[in-house]
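Participant: I am sharing final_10.pdb, which consists of PDB, C-alpha atoms and all ligand atoms:
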MODEL        1
ATOM      1  CA  MET A   1      13.097  52.625  -8.928  1.00  0.00           C
ATOM      2  CA  PRO A   2      11.123  50.239 -11.187  1.00  0.00           C
ATOM      3  CA  ILE A   3      11.973  46.592 -10.418  1.00  0.00           C
ATOM      4  CA  ALA A   4      11.349  43.627 -12.735  1.00  0.00           C
ATOM      5  CA  VAL A   5      11.151  40.215 -11.070  1.00  0.00           C
ATOM      6  CA  LEU A   6      11.987  37.187 -13.206  1.00  0.00           C
ATOM      7  CA  VAL A   7      10.325  33.928 -12.168  1.00  0.00           C
ATOM      8  CA  SER A   8       9.976  30.298 -13.264  1.00  0.00           C
ATOM      9  CA  GLY A   9       7.776  28.657 -10.648  1.00  0.00           C
ATOM     10  CA  GLY A  10       5.860  29.065  -7.435  1.00  0.00           C
ATOM     11  CA  GLY A  11       7.031  32.588  -6.729  1.00  0.00           C
ATOM     12  CA  THR A  12       7.431  32.502  -2.950  1.00  0.00           C
ATOM     13  CA  ASN A  13      10.394  34.890  -3.240  1.00  0.00           C
ATOM     14  CA  LEU A  14       8.317  37.193  -5.435  1.00  0.00           C
ATOM     15  CA  GLN A  15       5.689  37.090  -2.672  1.00  0.00           C
ATOM     16  CA  ALA A  16       8.328  38.058  -0.099  1.00  0.00           C
ATOM     17  CA  LEU A  17       9.237  41.089  -2.233  1.00  0.00           C
ATOM     18  CA  LEU A  18       5.578  42.106  -2.647  1.00  0.00           C
ATOM     19  CA  ASP A  19       4.978  41.682   1.096  1.00  0.00           C
ATOM     20  CA  ALA A  20       8.085  43.754   1.872  1.00  0.00           C
ATOM     21  CA  GLU A  21       6.718  46.489  -0.342  1.00  0.00           C
ATOM     22  CA  GLY A  22       3.416  46.302   1.516  1.00  0.00           C
ATOM     23  CA  SER A  23       5.108  46.604   4.901  1.00  0.00           C
ATOM     24  CA  GLY A  24       7.514  49.329   3.778  1.00  0.00           C
ATOM     25  CA  THR A  25      10.702  47.276   4.224  1.00  0.00           C
ATOM     26  CA  LEU A  26      11.210  47.629   0.495  1.00  0.00           C
ATOM     27  CA  HIS A  27      10.590  51.302  -0.284  1.00  0.00           C
ATOM     28  CA  SER A  28      13.396  52.447  -2.600  1.00  0.00           C
ATOM     29  CA  GLY A  29      12.013  50.340  -5.459  1.00  0.00           C
ATOM     30  CA  THR A  30       8.648  49.121  -6.755  1.00  0.00           C
ATOM     31  CA  VAL A  31       7.907  45.830  -8.472  1.00  0.00           C
ATOM     32  CA  THR A  32       6.350  47.047 -11.727  1.00  0.00           C
ATOM     33  CA  LEU A  33       6.727  43.959 -13.888  1.00  0.00           C
ATOM     34  CA  VAL A  34       6.908  40.185 -13.373  1.00  0.00           C
ATOM     35  CA  ILE A  35       8.309  38.132 -16.237  1.00  0.00           C
ATOM     36  CA  SER A  36       8.121  34.351 -16.452  1.00  0.00           C
ATOM     37  CA  ASP A  37      10.285  32.254 -18.752  1.00  0.00           C
ATOM     38  CA  ARG A  38       7.561  29.594 -18.897  1.00  0.00           C
ATOM     39  CA  PRO A  39       3.772  29.754 -19.222  1.00  0.00           C
ATOM     40  CA  GLY A  40       1.246  29.075 -16.499  1.00  0.00           C
ATOM     41  CA  VAL A  41       3.413  29.259 -13.370  1.00  0.00           C
ATOM     42  CA  PHE A  42       1.852  30.192 -10.017  1.00  0.00           C
ATOM     43  CA  ALA A  43       4.133  33.210  -9.604  1.00  0.00           C
ATOM     44  CA  LEU A  44       2.117  34.913 -12.384  1.00  0.00           C
ATOM     45  CA  GLU A  45      -1.049  34.509 -10.325  1.00  0.00           C
ATOM     46  CA  ARG A  46       0.654  36.032  -7.291  1.00  0.00           C
ATOM     47  CA  ALA A  47       1.668  39.047  -9.409  1.00  0.00           C
ATOM     48  CA  ALA A  48      -1.799  39.451 -10.919  1.00  0.00           C
ATOM     49  CA  LYS A  49      -3.366  39.286  -7.445  1.00  0.00           C
ATOM     50  CA  ALA A  50      -1.077  42.111  -6.335  1.00  0.00           C
ATOM     51  CA  GLY A  51      -2.037  44.148  -9.407  1.00  0.00           C
ATOM     52  CA  VAL A  52       1.421  43.886 -10.973  1.00  0.00           C
ATOM     53  CA  GLU A  53       1.743  43.623 -14.756  1.00  0.00           C
ATOM     54  CA  THR A  54       2.908  40.215 -16.008  1.00  0.00           C
ATOM     55  CA  LEU A  55       4.582  38.989 -19.151  1.00  0.00           C
ATOM     56  CA  THR A  56       5.448  35.478 -20.285  1.00  0.00           C
ATOM     57  CA  LEU A  57       8.429  35.014 -22.575  1.00  0.00           C
ATOM     58  CA  ASP A  58       8.495  31.288 -23.297  1.00  0.00           C
ATOM     59  CA  ARG A  59      12.217  30.484 -23.294  1.00  0.00           C
ATOM     60  CA  LYS A  60      11.729  27.003 -24.773  1.00  0.00           C
ATOM     61  CA  ALA A  61       9.511  28.188 -27.643  1.00  0.00           C
ATOM     62  CA  LEU A  62      11.594  31.300 -28.423  1.00  0.00           C
ATOM     63  CA  GLY A  63      15.124  29.896 -28.007  1.00  0.00           C
ATOM     64  CA  ARG A  64      17.859  31.656 -26.017  1.00  0.00           C
ATOM     65  CA  GLU A  65      18.672  34.481 -28.414  1.00  0.00           C
ATOM     66  CA  ALA A  66      15.117  35.606 -29.162  1.00  0.00           C
ATOM     67  CA  PHE A  67      14.234  35.209 -25.479  1.00  0.00           C
ATOM     68  CA  GLU A  68      17.087  37.441 -24.323  1.00  0.00           C
ATOM     69  CA  GLN A  69      16.444  39.995 -27.064  1.00  0.00           C
ATOM     70  CA  ALA A  70      12.782  40.287 -26.067  1.00  0.00           C
ATOM     71  CA  LEU A  71      13.753  40.438 -22.396  1.00  0.00           C
ATOM     72  CA  ALA A  72      16.351  43.186 -22.929  1.00  0.00           C
ATOM     73  CA  ARG A  73      13.970  45.212 -25.095  1.00  0.00           C
ATOM     74  CA  THR A  74      11.202  44.947 -22.483  1.00  0.00           C
ATOM     75  CA  LEU A  75      13.478  45.972 -19.598  1.00  0.00           C
ATOM     76  CA  GLN A  76      14.759  48.950 -21.549  1.00  0.00           C
ATOM     77  CA  GLU A  77      11.315  50.079 -22.748  1.00  0.00           C
ATOM     78  CA  ARG A  78       9.925  49.950 -19.196  1.00  0.00           C
ATOM     79  CA  GLY A  79      12.880  51.812 -17.695  1.00  0.00           C
ATOM     80  CA  ILE A  80      13.639  48.965 -15.289  1.00  0.00           C
ATOM     81  CA  GLY A  81      16.414  49.895 -12.845  1.00  0.00           C
ATOM     82  CA  LEU A  82      16.848  46.552 -11.069  1.00  0.00           C
ATOM     83  CA  VAL A  83      16.190  42.985 -12.203  1.00  0.00           C
ATOM     84  CA  VAL A  84      15.580  40.435  -9.445  1.00  0.00           C
ATOM     85  CA  LEU A  85      15.882  36.736 -10.282  1.00  0.00           C
ATOM     86  CA  ALA A  86      13.502  35.057  -7.841  1.00  0.00           C
ATOM     87  CA  GLY A  87      13.306  31.317  -8.406  1.00  0.00           C
ATOM     88  CA  PHE A  88      14.308  31.993 -12.033  1.00  0.00           C
ATOM     89  CA  LEU A  89      15.799  28.857 -13.546  1.00  0.00           C
ATOM     90  CA  SER A  90      17.178  29.934 -16.954  1.00  0.00           C
ATOM     91  CA  ILE A  91      20.860  30.791 -17.243  1.00  0.00           C
ATOM     92  CA  LEU A  92      21.460  34.207 -18.835  1.00  0.00           C
ATOM     93  CA  SER A  93      24.269  34.613 -21.395  1.00  0.00           C
ATOM     94  CA  ALA A  94      27.353  36.785 -20.832  1.00  0.00           C
ATOM     95  CA  SER A  95      26.208  39.347 -23.408  1.00  0.00           C
ATOM     96  CA  PHE A  96      22.979  39.805 -21.441  1.00  0.00           C
ATOM     97  CA  THR A  97      24.565  39.952 -17.986  1.00  0.00           C
ATOM     98  CA  ASP A  98      27.265  42.373 -19.262  1.00  0.00           C
ATOM     99  CA  ARG A  99      24.603  44.684 -20.620  1.00  0.00           C
ATOM    100  CA  PHE A 100      22.860  44.878 -17.224  1.00  0.00           C
ATOM    101  CA  ALA A 101      25.961  44.622 -15.028  1.00  0.00           C
ATOM    102  CA  GLY A 102      25.347  45.661 -11.419  1.00  0.00           C
ATOM    103  CA  ARG A 103      21.601  45.687 -12.021  1.00  0.00           C
ATOM    104  CA  ILE A 104      20.706  42.000 -11.750  1.00  0.00           C
ATOM    105  CA  ILE A 105      20.559  40.133  -8.436  1.00  0.00           C
ATOM    106  CA  ASN A 106      19.727  36.479  -7.727  1.00  0.00           C
ATOM    107  CA  VAL A 107      18.765  34.425  -4.695  1.00  0.00           C
ATOM    108  CA  HIS A 108      20.341  30.982  -4.466  1.00  0.00           C
ATOM    109  CA  PRO A 109      19.362  28.383  -1.848  1.00  0.00           C
ATOM    110  CA  SER A 110      22.828  27.502  -0.495  1.00  0.00           C
ATOM    111  CA  LEU A 111      25.860  29.152   1.069  1.00  0.00           C
ATOM    112  CA  ILE A 112      27.811  29.919  -2.136  1.00  0.00           C
ATOM    113  CA  PRO A 113      30.368  28.571  -3.119  1.00  0.00           C
ATOM    114  CA  ALA A 114      28.792  25.310  -1.885  1.00  0.00           C
ATOM    115  CA  PHE A 115      26.209  23.568  -4.051  1.00  0.00           C
ATOM    116  CA  CYS A 116      25.946  26.156  -6.809  1.00  0.00           C
ATOM    117  CA  GLY A 117      26.533  26.592 -10.533  1.00  0.00           C
ATOM    118  CA  LYS A 118      25.113  24.700 -13.474  1.00  0.00           C
ATOM    119  CA  GLY A 119      22.739  21.891 -12.466  1.00  0.00           C
ATOM    120  CA  PHE A 120      22.237  23.172  -8.905  1.00  0.00           C
ATOM    121  CA  TYR A 121      18.763  24.625  -8.684  1.00  0.00           C
ATOM    122  CA  GLY A 122      15.617  24.206  -6.612  1.00  0.00           C
ATOM    123  CA  LEU A 123      15.344  20.918  -4.706  1.00  0.00           C
ATOM    124  CA  LYS A 124      18.534  19.562  -6.306  1.00  0.00           C
ATOM    125  CA  VAL A 125      20.551  21.966  -4.135  1.00  0.00           C
ATOM    126  CA  HIS A 126      19.018  20.588  -0.942  1.00  0.00           C
ATOM    127  CA  GLU A 127      19.353  16.969  -2.116  1.00  0.00           C
ATOM    128  CA  ALA A 128      23.085  17.582  -2.650  1.00  0.00           C
ATOM    129  CA  ALA A 129      23.472  19.224   0.763  1.00  0.00           C
ATOM    130  CA  LEU A 130      21.807  16.237   2.467  1.00  0.00           C
ATOM    131  CA  VAL A 131      23.901  13.705   0.514  1.00  0.00           C
ATOM    132  CA  ARG A 132      27.086  15.559   1.530  1.00  0.00           C
ATOM    133  CA  GLY A 133      25.938  15.629   5.132  1.00  0.00           C
ATOM    134  CA  VAL A 134      26.530  19.324   5.837  1.00  0.00           C
ATOM    135  CA  ARG A 135      25.184  20.522   9.200  1.00  0.00           C
ATOM    136  CA  LEU A 136      24.782  24.102   8.012  1.00  0.00           C
ATOM    137  CA  THR A 137      23.368  25.362   4.750  1.00  0.00           C
ATOM    138  CA  GLY A 138      21.528  28.590   3.928  1.00  0.00           C
ATOM    139  CA  ALA A 139      20.954  31.087   1.163  1.00  0.00           C
ATOM    140  CA  THR A 140      22.909  33.709  -0.754  1.00  0.00           C
ATOM    141  CA  VAL A 141      21.919  36.846  -2.626  1.00  0.00           C
ATOM    142  CA  HIS A 142      24.478  37.912  -5.214  1.00  0.00           C
ATOM    143  CA  PHE A 143      24.952  40.067  -8.274  1.00  0.00           C
ATOM    144  CA  VAL A 144      24.603  38.146 -11.527  1.00  0.00           C
ATOM    145  CA  ASP A 145      27.497  38.018 -13.956  1.00  0.00           C
ATOM    146  CA  SER A 146      28.529  35.609 -16.710  1.00  0.00           C
ATOM    147  CA  VAL A 147      29.432  32.790 -14.286  1.00  0.00           C
ATOM    148  CA  PRO A 148      26.329  30.934 -13.003  1.00  0.00           C
ATOM    149  CA  ASP A 149      26.011  31.764  -9.267  1.00  0.00           C
ATOM    150  CA  GLY A 150      29.501  33.317  -9.480  1.00  0.00           C
ATOM    151  CA  GLY A 151      28.875  37.063  -9.150  1.00  0.00           C
ATOM    152  CA  PRO A 152      29.792  39.222  -6.129  1.00  0.00           C
ATOM    153  CA  ILE A 153      27.993  38.186  -2.938  1.00  0.00           C
ATOM    154  CA  ILE A 154      25.645  40.755  -1.370  1.00  0.00           C
ATOM    155  CA  ASP A 155      24.448  38.813   1.693  1.00  0.00           C
ATOM    156  CA  GLN A 156      24.194  35.306   3.145  1.00  0.00           C
ATOM    157  CA  LYS A 157      22.346  33.608   5.985  1.00  0.00           C
ATOM    158  CA  ALA A 158      23.062  30.210   7.501  1.00  0.00           C
ATOM    159  CA  VAL A 159      20.351  27.670   8.329  1.00  0.00           C
ATOM    160  CA  ARG A 160      20.768  24.486  10.353  1.00  0.00           C
ATOM    161  CA  VAL A 161      20.187  21.068   8.801  1.00  0.00           C
ATOM    162  CA  LEU A 162      18.125  18.946  11.200  1.00  0.00           C
ATOM    163  CA  ARG A 163      18.150  15.198  11.695  1.00  0.00           C
ATOM    164  CA  GLY A 164      15.435  13.611   9.554  1.00  0.00           C
ATOM    165  CA  ASP A 165      15.348  16.488   7.055  1.00  0.00           C
ATOM    166  CA  THR A 166      14.146  15.685   3.549  1.00  0.00           C
ATOM    167  CA  PRO A 167      14.981  17.947   0.574  1.00  0.00           C
ATOM    168  CA  GLU A 168      11.466  19.351   0.945  1.00  0.00           C
ATOM    169  CA  THR A 169      11.640  20.153   4.682  1.00  0.00           C
ATOM    170  CA  LEU A 170      15.105  21.648   4.251  1.00  0.00           C
ATOM    171  CA  GLN A 171      13.970  23.760   1.295  1.00  0.00           C
ATOM    172  CA  GLN A 172      11.067  25.139   3.327  1.00  0.00           C
ATOM    173  CA  ARG A 173      13.326  26.046   6.287  1.00  0.00           C
ATOM    174  CA  VAL A 174      15.930  27.694   4.031  1.00  0.00           C
ATOM    175  CA  MET A 175      13.224  29.713   2.288  1.00  0.00           C
ATOM    176  CA  LYS A 176      11.518  30.814   5.491  1.00  0.00           C
ATOM    177  CA  GLN A 177      14.608  31.528   7.592  1.00  0.00           C
ATOM    178  CA  ALA A 178      16.917  32.830   4.876  1.00  0.00           C
ATOM    179  CA  GLU A 179      15.642  33.538   1.350  1.00  0.00           C
ATOM    180  CA  TRP A 180      12.476  35.474   2.204  1.00  0.00           C
ATOM    181  CA  VAL A 181      14.443  37.607   4.671  1.00  0.00           C
ATOM    182  CA  LEU A 182      17.566  38.191   2.581  1.00  0.00           C
ATOM    183  CA  LEU A 183      16.048  38.948  -0.810  1.00  0.00           C
ATOM    184  CA  PRO A 184      13.835  41.958   0.055  1.00  0.00           C
ATOM    185  CA  ARG A 185      16.618  43.387   2.247  1.00  0.00           C
ATOM    186  CA  ALA A 186      19.175  43.046  -0.558  1.00  0.00           C
ATOM    187  CA  ALA A 187      16.763  44.504  -3.133  1.00  0.00           C
ATOM    188  CA  GLU A 188      16.253  47.550  -0.892  1.00  0.00           C
ATOM    189  CA  LYS A 189      19.998  47.997  -0.389  1.00  0.00           C
ATOM    190  CA  VAL A 190      20.856  47.704  -4.085  1.00  0.00           C
ATOM    191  CA  CYS A 191      18.037  50.088  -5.114  1.00  0.00           C
ATOM    192  CA  ARG A 192      19.264  52.605  -2.532  1.00  0.00           C
ATOM    193  CA  ASP A 193      22.857  52.292  -3.712  1.00  0.00           C
ATOM    194  CA  ILE A 194      21.859  52.739  -7.366  1.00  0.00           C
ATOM    195  CA  LEU A 195      19.714  55.772  -6.511  1.00  0.00           C
ATOM    196  CA  ARG A 196      22.621  57.315  -4.598  1.00  0.00           C
ATOM    197  CA  GLY A 197      24.873  56.725  -7.576  1.00  0.00           C
ATOM    198  CA  ARG A 198      26.889  54.018  -5.855  1.00  0.00           C
ATOM    199  CA  GLY A 199      25.523  51.143  -7.966  1.00  0.00           C
TER     200      GLY A 199
HETATM  201  C1  LIG A 201      13.959  28.889  -4.303  1.00  0.00           C
HETATM  202  O1  LIG A 201      14.547  28.090  -3.296  1.00  0.00           O
HETATM  203  C2  LIG A 201      15.021  29.628  -5.070  1.00  0.00           C
HETATM  204  O2  LIG A 201      16.101  30.033  -4.286  1.00  0.00           O
HETATM  205  C3  LIG A 201      15.442  28.578  -6.058  1.00  0.00           C
HETATM  206  O3  LIG A 201      14.217  28.023  -6.487  1.00  0.00           O
HETATM  207  C4  LIG A 201      13.319  27.978  -5.380  1.00  0.00           C
HETATM  208  C5  LIG A 201      11.922  28.374  -5.816  1.00  0.00           C
HETATM  209  O4  LIG A 201      11.664  29.719  -5.585  1.00  0.00           O
HETATM  210  N1  LIG A 201      16.235  29.155  -7.108  1.00  0.00           N
HETATM  211  C6  LIG A 201      17.284  28.534  -7.649  1.00  0.00           C
HETATM  212  O5  LIG A 201      17.628  27.404  -7.345  1.00  0.00           O
HETATM  213  C7  LIG A 201      18.042  29.342  -8.699  1.00  0.00           C
HETATM  214  N2  LIG A 201      19.322  28.762  -8.939  1.00  0.00           N
HETATM  215  P1  LIG A 201      10.248  30.461  -5.656  1.00  0.00           P
HETATM  216  O6  LIG A 201       9.310  29.859  -4.638  1.00  0.00           O
HETATM  217  O7  LIG A 201      10.560  31.887  -5.347  1.00  0.00           O
HETATM  218  O8  LIG A 201       9.690  30.274  -7.067  1.00  0.00           O
ENDMDL
END
Rewrite the structure of this file - the entire thing - as structure tokens.
Facilitator:
Amino acid sequence: MPIAVLVSGGGTNLQALLDAEGSGTLHSGTVTLVISDRPGVFALERAAKAGVETLTLDRKALGREAFEQALARTLQERGIGLVVLAGFLSILSASFTDRFAGRIINVHPSLIPAFCGKGFYGLKVHEAALVRGVRLTGATVHFVDSVPDGGPIIDQKAVRVLRGDTPETLQQRVMKQAEWVLLPRAAEKVCRDILRGRG
């Protein structure tokens, strides 16, 4: 099943998917296209290095409507079966998520419903967790619907907050222990379910 990965930054979750493909953990789908919503991000270099086609659709320059139209057209033309949001920071409109219902998944760096929704992304999530003083945080992979970070949960993994953690050290631990493990596993499961007609 052709997979498109949508990125906005460093692309460590994209790398986890590519590595999982290399090791065979992810075998029911293939990353055939990486799309960035902003130019020049490192994730595009990771994709190019792996020989995966890349496309930049500049969300700021295009505006939401033109961006989503171009995105939908591209996904349809390429026969994409699953869209994986991997460190993708734009919010998709309801008309877009409805159109691809059950075929878009996202990784979020907290145990949803904590620290999620509009304004909670990247390091901000870990800053909020540290301010609140939680002892456990983690990551969630979920289907994407019209509510930001509100779609059905596919899998979660808890990660301990350690004394002396900074947003940066916590982010690294959550990525390593949770996100990079959960996302390829969830992508494989959803691809398999779609292929078996259960998606
Ligand atoms: C990751 O922690 C990802 O979960 C988060 O951005 C970070 C960068 O990922 N995404 C969100 O906060 C989305 N709401 P990357 O290294 O894969 O680019």
Participant: Using only the atoms of ligand LIG 201 (chain A) listed in the file, plus 4 Å on each side, state the axis-aligned box centre and edge lengths in Å rounded to one decimal, as AutoDock Vina command-line options.
Facilitator:
--center_x 14.3 --center_y 29.6 --center_z -6.1 --size_x 18.0 --size_y 12.5 --size_z 13.6
Participant: Quick one: residues within 9 Å of Val159 of chain A, only C-alpha atoms counted, chain neighbours fewer than 2 positions away excluded, as a PyMOL selection string?
Facilitator: chain A and resi 135-139+157+161+170+173-174+177-178
Participant: Per residue of segment 48-164 of chain A within 12 Å of segment 179-195 of chain A, record the nearest atom pair and its distance in Å to one decimal, counting all atoms listed in the file, with rows in chain order and ascending residue number, as a tab-separated table.
Facilitator:
residue	atom	partner	partner_atom	distance
A:Ile80	CA	A:Cys191	CA	11.1
A:Gly81	CA	A:Cys191	CA	7.9
A:Leu82	CA	A:Cys191	CA	7.0
A:Val83	CA	A:Ala187	CA	9.2
A:Val84	CA	A:Ala187	CA	7.6
A:Leu85	CA	A:Leu183	CA	9.7
A:Ala86	CA	A:Leu183	CA	8.4
A:Gly87	CA	A:Glu179	CA	10.3
A:Ala101	CA	A:Ile194	CA	11.9
A:Gly102	CA	A:Val190	CA	8.8
A:Arg103	CA	A:Val190	CA	8.2
A:Ile104	CA	A:Val190	CA	9.6
A:Ile105	CA	A:Ala187	CA	7.9
A:Asn106	CA	A:Leu183	CA	8.2
A:Val107	CA	A:Leu183	CA	6.6
A:His108	CA	A:Glu179	CA	7.9
A:Pro109	CA	A:Glu179	CA	7.1
A:Ser110	CA	A:Glu179	CA	9.6
A:Leu111	CA	A:Glu179	CA	11.1
A:Thr137	CA	A:Glu179	CA	11.8
A:Gly138	CA	A:Glu179	CA	8.1
A:Ala139	CA	A:Glu179	CA	5.9
A:Thr140	CA	A:Glu179	CA	7.6
A:Val141	CA	A:Leu183	CA	6.5
A:His142	CA	A:Ala186	CA	8.7
A:Phe143	CA	A:Val190	CA	9.6
A:Ile153	CA	A:Ala186	CA	10.3
A:Ile154	CA	A:Ala186	CA	6.9
A:Asp155	CA	A:Leu182	CA	7.0
A:Gln156	CA	A:Leu182	CA	7.3
A:Lys157	CA	A:Leu182	CA	7.4
A:Ala158	CA	A:Glu179	CA	10.2
A:Val159	CA	A:Glu179	CA	10.3
Participant: Expand the PyMOL selection byres (((not hetatm)) within 9 of (chain A and resi 201)) into the individual residues it matches in the shown file, reporting them as an MDAnalysis selection string.
Facilitator: chainID A and resid 7:16 41:43 85:91 106:110 116:125 139:140 148:149 171:172 174:175 179:180
Participant: Which residue out of A:Val34, A:Leu55, A:Leu162, A:Met1 has the minimum interatomic distance to Gly133 of chain A when all atoms listed in the file are used?
Facilitator: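 Of the candidates, the smallest distance to Gly133 of chain A is held by A:Leu162.
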Participant: Rounded to one decimal, what separation in Å do you get between atom CA of Glu53 of chain A and atom CA of Gln69 of chain A?
Facilitator: 19.5 Å
Participant: If we count all atoms listed in the file and set the cut-off at 12 Å, which residues sit around Gly63 of chain A, ignoring sequence neighbours fewer than 4 positions away in its own chain? Please answer as a list in words.
Facilitator: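 Using all atoms listed in the file, the neighbours found are Asp37, Arg38, Leu57, Asp58, Arg59, Phe67, Glu68, Gln69, Ala70, Ser90 and Leu92 of chain A.
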Participant: Could you please take those selected residues and save C-alpha atoms as a PDB file, in the coordinates of the input?
Facilitator:
ATOM      1  CA  ASP A  37      10.285  32.254 -18.752  1.00  0.00           C
ATOM      2  CA  ARG A  38       7.561  29.594 -18.897  1.00  0.00           C
ATOM      3  CA  LEU A  57       8.429  35.014 -22.575  1.00  0.00           C
ATOM      4  CA  ASP A  58       8.495  31.288 -23.297  1.00  0.00           C
ATOM      5  CA  ARG A  59      12.217  30.484 -23.294  1.00  0.00           C
ATOM      6  CA  PHE A  67      14.234  35.209 -25.479  1.00  0.00           C
ATOM      7  CA  GLU A  68      17.087  37.441 -24.323  1.00  0.00           C
ATOM      8  CA  GLN A  69      16.444  39.995 -27.064  1.00  0.00           C
ATOM      9  CA  ALA A  70      12.782  40.287 -26.067  1.00  0.00           C
ATOM     10  CA  SER A  90      17.178  29.934 -16.954  1.00  0.00           C
ATOM     11  CA  LEU A  92      21.460  34.207 -18.835  1.00  0.00           C
TER      12      LEU A  92
END
Participant: Between atom CA of Pro39 of chain A and atom CA of Glu168 of chain A, what is the spacing in Å?
Facilitator: 24.0 Å
Participant: On this structure, which residues satisfy the PyMOL selection byres (((chain A and resi 96) around 9) and not hetatm), written as a list in words?
Facilitator: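 So the PyMOL selection byres (((chain A and resi 96) around 9) and not hetatm) ends up selecting Glu68, Gln69, Ala72, Leu92, Ser93, Ala94, Ser95, Thr97, Asp98, Arg99, Phe100, Ala101, Asp145 and Ser146 of chain A.
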Participant: Kindly add N, CA and C atoms to the incomplete segment 73-93 of chain A and provide the output as an mmCIF file, in the coordinates of the input.
Facilitator:
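Below is the file that was written, out.cif:
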data_model
loop_
_atom_site.group_PDB
_atom_site.id
_atom_site.type_symbol
_atom_site.label_atom_id
_atom_site.label_comp_id
_atom_site.auth_asym_id
_atom_site.auth_seq_id
_atom_site.Cartn_x
_atom_site.Cartn_y
_atom_site.Cartn_z
ATOM 1 N N ARG A 73 14.801 44.137 -24.531
ATOM 2 C CA ARG A 73 13.970 45.212 -25.095
ATOM 3 C C ARG A 73 12.912 45.640 -24.079
ATOM 4 N N THR A 74 12.258 44.650 -23.460
ATOM 5 C CA THR A 74 11.202 44.947 -22.483
ATOM 6 C C THR A 74 11.764 45.735 -21.303
ATOM 7 N N LEU A 75 12.892 45.311 -20.774
ATOM 8 C CA LEU A 75 13.478 45.972 -19.598
ATOM 9 C C LEU A 75 13.824 47.419 -19.928
ATOM 10 N N GLN A 76 14.361 47.605 -21.127
ATOM 11 C CA GLN A 76 14.759 48.950 -21.549
ATOM 12 C C GLN A 76 13.523 49.851 -21.748
ATOM 13 N N GLU A 77 12.538 49.307 -22.474
ATOM 14 C CA GLU A 77 11.315 50.079 -22.748
ATOM 15 C C GLU A 77 10.620 50.513 -21.469
ATOM 16 N N ARG A 78 10.639 49.630 -20.445
ATOM 17 C CA ARG A 78 9.925 49.950 -19.196
ATOM 18 C C ARG A 78 10.783 50.740 -18.219
ATOM 19 N N GLY A 79 12.014 51.037 -18.587
ATOM 20 C CA GLY A 79 12.880 51.812 -17.695
ATOM 21 C C GLY A 79 13.197 51.092 -16.401
ATOM 22 N N ILE A 80 13.367 49.767 -16.492
ATOM 23 C CA ILE A 80 13.639 48.965 -15.289
ATOM 24 C C ILE A 80 15.043 49.289 -14.760
ATOM 25 N N GLY A 81 15.123 49.564 -13.452
ATOM 26 C CA GLY A 81 16.414 49.895 -12.845
ATOM 27 C C GLY A 81 17.097 48.711 -12.207
ATOM 28 N N LEU A 82 16.292 47.741 -11.725
ATOM 29 C CA LEU A 82 16.848 46.552 -11.069
ATOM 30 C C LEU A 82 16.056 45.326 -11.505
ATOM 31 N N VAL A 83 16.803 44.267 -11.828
ATOM 32 C CA VAL A 83 16.190 42.985 -12.203
ATOM 33 C C VAL A 83 16.465 42.004 -11.072
ATOM 34 N N VAL A 84 15.413 41.406 -10.528
ATOM 35 C CA VAL A 84 15.580 40.435 -9.445
ATOM 36 C C VAL A 84 15.200 39.048 -9.962
ATOM 37 N N LEU A 85 16.171 38.119 -9.914
ATOM 38 C CA LEU A 85 15.882 36.736 -10.282
ATOM 39 C C LEU A 85 15.385 36.037 -9.018
ATOM 40 N N ALA A 86 14.123 35.629 -9.039
ATOM 41 C CA ALA A 86 13.502 35.057 -7.841
ATOM 42 C C ALA A 86 12.930 33.684 -8.204
ATOM 43 N N GLY A 87 13.740 32.647 -7.982
ATOM 44 C CA GLY A 87 13.306 31.317 -8.406
ATOM 45 C C GLY A 87 13.291 31.235 -9.927
ATOM 46 N N PHE A 88 14.222 31.965 -10.560
ATOM 47 C CA PHE A 88 14.308 31.993 -12.033
ATOM 48 C C PHE A 88 15.354 30.958 -12.452
ATOM 49 N N LEU A 89 14.947 30.029 -13.322
ATOM 50 C CA LEU A 89 15.799 28.857 -13.546
ATOM 51 C C LEU A 89 16.548 28.846 -14.876
ATOM 52 N N SER A 90 16.378 29.873 -15.722
ATOM 53 C CA SER A 90 17.178 29.934 -16.954
ATOM 54 C C SER A 90 18.519 30.587 -16.651
ATOM 55 N N ILE A 91 19.547 30.136 -17.376
ATOM 56 C CA ILE A 91 20.860 30.791 -17.243
ATOM 57 C C ILE A 91 20.950 31.874 -18.312
ATOM 58 N N LEU A 92 21.370 33.076 -17.895
ATOM 59 C CA LEU A 92 21.460 34.207 -18.835
ATOM 60 C C LEU A 92 22.868 34.262 -19.427
ATOM 61 N N SER A 93 22.957 34.610 -20.716
ATOM 62 C CA SER A 93 24.269 34.613 -21.395
ATOM 63 C C SER A 93 25.114 35.808 -20.934
#
